[in-house]
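Take a look at the structure below.
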Amino acid sequence: MKIMEDAVPVVRAERFTIATKIGQYFFKIFQIHFKKSDGTIIIDFPYYKQCSGLLCKATLSDKVQYPSKIDFTEGGKVTSQLVKFSYHPDGNVHFSQDRKIFTQIRKRTVPLKGAYGHFFTVQINGPQDFKIHPRGSKETFRPAKRRHLVFELPDGFNDSLKFLGHYLHISEVAKNMVSVGKSAWYIFINESTGERYPGFIIGPPLDSPFPDKVLLIRLVMIPIMTADNSSCLTFVGGFDAHEIVTDPTKTTTFLGLLYPTEDFNVMKKRIGTVDFSQ
């Protein structure tokens, strides 16, 4: 199997930290970890300052007209812990945190080898509520344990951000993008609108499982997510097969999280918690 490293320079590492830069400050947002032993992909949220959240297995019914507001309390539980999302090779996906929560919010989907397309979305309002990273980032194309990837934002940035992850075979990734010199940056082009978004192409070390599959991480600036411009973090992932997700006549499910959760104790009594300590 030939990996197209020359045509598509992929930033490869076991673990990536996705960050933003506003002025002189760097803010760590989330991590992506390619587990070298079996290829599991883990998306981790250790940097957010607020720990009360809501985890759910959400259902989009074939009988509902979309777009529609999704109620994360249906099929959901609260937690007082920052969790991680794992996508295992056999298609088992779940939220967990070692020795802190029960792994109850989970589902089975497409095995990782056959996964294709939209893999996750992370949305945040208020980068300033994430951990400040004291150093800049260094771009590299060499395999390594850990890399920082930084999206630079304008000074005084005050809108919301959407990080989109798409999982594709490396042979497909060059169709709708333009490289930026010899850097790790790419510009992703929306075919229907012509809009351009900055992003990175990342993958596991070449000696890991699934080295020919990569994640396209791109950033989109979106309108403020909350009415009072308060901080929040959302994630969705663990989608069904592409042909199910794109068919409006079929019911589909995915996993989602929302931080922070208002009225935590009230919600805990109403829908329960996944925390070990209850």
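Naming scheme: A, B, ... for chains in displayed order of the structure tokens; residues 1 onward per chain; ligands 1 onward as shown.
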
(message) So that I can see what lies close to stretch 215-219 of chain A, please list as a PyMOL selection string the residues with an atom at most 10 Å from it, counting only C-alpha atoms and leaving out residues fewer than 6 positions away in the same chain.
(response) chain A and resi 10-11+18+32+117-123+149+151+161-170+173+185-188+196-204

(request) Please provide as a PyMOL selection string all residues within 10 Å of A:Asp155, with the sequence filter that same-chain residues fewer than 4 positions apart are discarded (counting only C-alpha atoms). (result) chain A and resi 21-25

Restricting the output to C-alpha atoms, write the selected residues as a short mmCIF file (atom, residue, chain, number, x, y, z; two decimals), in the first residue's frame.
data_model
loop_
_atom_site.label_atom_id
_atom_site.label_comp_id
_atom_site.auth_asym_id
_atom_site.auth_seq_id
_atom_site.Cartn_x
_atom_site.Cartn_y
_atom_site.Cartn_z
CA LYS A 21 -4.37 32.26 19.15
CA ILE A 22 -5.90 35.64 19.92
CA GLY A 23 -3.36 38.42 20.16
CA GLN A 24 -0.48 37.14 22.29
CA TYR A 25 -2.53 34.40 23.97
#

Give one line per residue of stretch 59-154 of chain A that approaches stretch 251-269 of chain A to at most 7 Å, naming the two atoms of the closest pair and their distance in Å to one decimal, counting only C-alpha atoms; sort by chain then ascending residue number and deliver it as a tab-separated table.
residue	atom	partner	partner_atom	distance
A:Thr59	CA	A:Thr253	CA	4.4
A:Leu60	CA	A:Thr252	CA	5.3
A:Ser61	CA	A:Thr251	CA	4.5
A:Asp62	CA	A:Thr251	CA	4.7
A:Val78	CA	A:Lys268	CA	6.0

Could you take the residues named above and write them with N, CA, C and O atoms, as a PDB file, in the first residue's frame?
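Below you can see part.pdb, which holds the result:
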ATOM      1  N   THR A  59     -31.244  11.164  19.074  1.00  0.00           N
ATOM      2  CA  THR A  59     -31.935  10.505  17.970  1.00  0.00           C
ATOM      3  C   THR A  59     -32.579  11.543  17.069  1.00  0.00           C
ATOM      4  O   THR A  59     -33.280  12.439  17.544  1.00  0.00           O
ATOM      5  N   LEU A  60     -32.315  11.429  15.773  1.00  0.00           N
ATOM      6  CA  LEU A  60     -32.985  12.258  14.772  1.00  0.00           C
ATOM      7  C   LEU A  60     -34.009  11.372  14.072  1.00  0.00           C
ATOM      8  O   LEU A  60     -33.653  10.469  13.315  1.00  0.00           O
ATOM      9  N   SER A  61     -35.268  11.631  14.338  1.00  0.00           N
ATOM     10  CA  SER A  61     -36.329  10.789  13.800  1.00  0.00           C
ATOM     11  C   SER A  61     -36.611  11.109  12.340  1.00  0.00           C
ATOM     12  O   SER A  61     -36.486  12.252  11.897  1.00  0.00           O
ATOM     13  N   ASP A  62     -37.014  10.098  11.606  1.00  0.00           N
ATOM     14  CA  ASP A  62     -37.397  10.307  10.208  1.00  0.00           C
ATOM     15  C   ASP A  62     -38.700  11.091  10.091  1.00  0.00           C
ATOM     16  O   ASP A  62     -39.045  11.567   9.017  1.00  0.00           O
ATOM     17  N   VAL A  78     -26.307  13.769  33.182  1.00  0.00           N
ATOM     18  CA  VAL A  78     -25.380  14.840  33.528  1.00  0.00           C
ATOM     19  C   VAL A  78     -24.088  14.250  34.084  1.00  0.00           C
ATOM     20  O   VAL A  78     -24.041  13.093  34.511  1.00  0.00           O
TER      21      VAL A  78
END

(request) Point out the residue among A:Lys250, A:His94, A:Lys131, A:Lys145 with the least atom-to-atom distance to A:Gln50, counting only C-alpha atoms. (result)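 Among A:Lys250, A:His94, A:Lys131, A:Lys145, it is A:Lys131 that comes nearest to A:Gln50.
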
(request) Report the residues of stretch 2-109 of chain A whose backbone DSSP state falls under strand (DSSP E), written as number ranges by chain. (result) A: 11-12, 15-22, 25-34, 41-44, 53-60, 76-79, 84-87, 92-96, 106-108

(request) Check the smallest atom-to-atom distance from each of A:Asn158, A:Thr73, A:Thr20, A:Thr40 to A:Gly272 using only C-alpha atoms, then report the winner. (result)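 Distance minimum relative to A:Gly272 lands on A:Thr73.
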
(request) Find the residue from A:Val245, A:Ile42, A:Val274, A:Ile224 that sits nearest to A:Thr109; use only C-alpha atoms when measuring. (result) A:Val245

(request) To one decimal in Å, tell me the separation between atom CA of A:Gly53 and atom CA of A:Cys232. (result) 9.9 Å

(request) Mind checking which residues fall within 9 Å of A:Gln97, counting only C-alpha atoms, ignoring those fewer than 6 positions away in the same chain, and posting them as an MDAnalysis selection string? (result) chainID A and resid 81:85 103

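What separates atom CA of A:Val110 from atom CA of A:Arg147 is a distance of 27.9 Å.
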
(request) Please measure the separation of atom CA of A:Met225 and atom CA of A:Gly76, giving the value in Å to one decimal. (result)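 Going from atom CA of A:Met225 over to atom CA of A:Gly76 covers 20.9 Å.
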
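Comparing the minimum interatomic distances between A:Phe130 and each of A:Ser52, A:Ser231, A:Ser86, A:Ser96, counting only C-alpha atoms, we find that A:Ser231 sits nearest.
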
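When only C-alpha atoms are used to compute distances to A:Ser171, the closest of the residues A:Asp212, A:Ile244, A:Phe26, A:His148 turns out to be A:Asp212.
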
(request) For A:Leu112, list every protein, DNA or RNA residue within 10 Å, evaluated using only C-alpha atoms, and leave out those in the same chain fewer than 5 positions away; present the list as a PyMOL selection string. (result) chain A and resi 39-41+87-93+167+210+213

(request) Considering only C-alpha atoms, state which residue in the set A:Gly114, A:Pro209, A:Pro223, A:Gly237 is at the smallest distance from A:Leu55. (result) A:Gly237
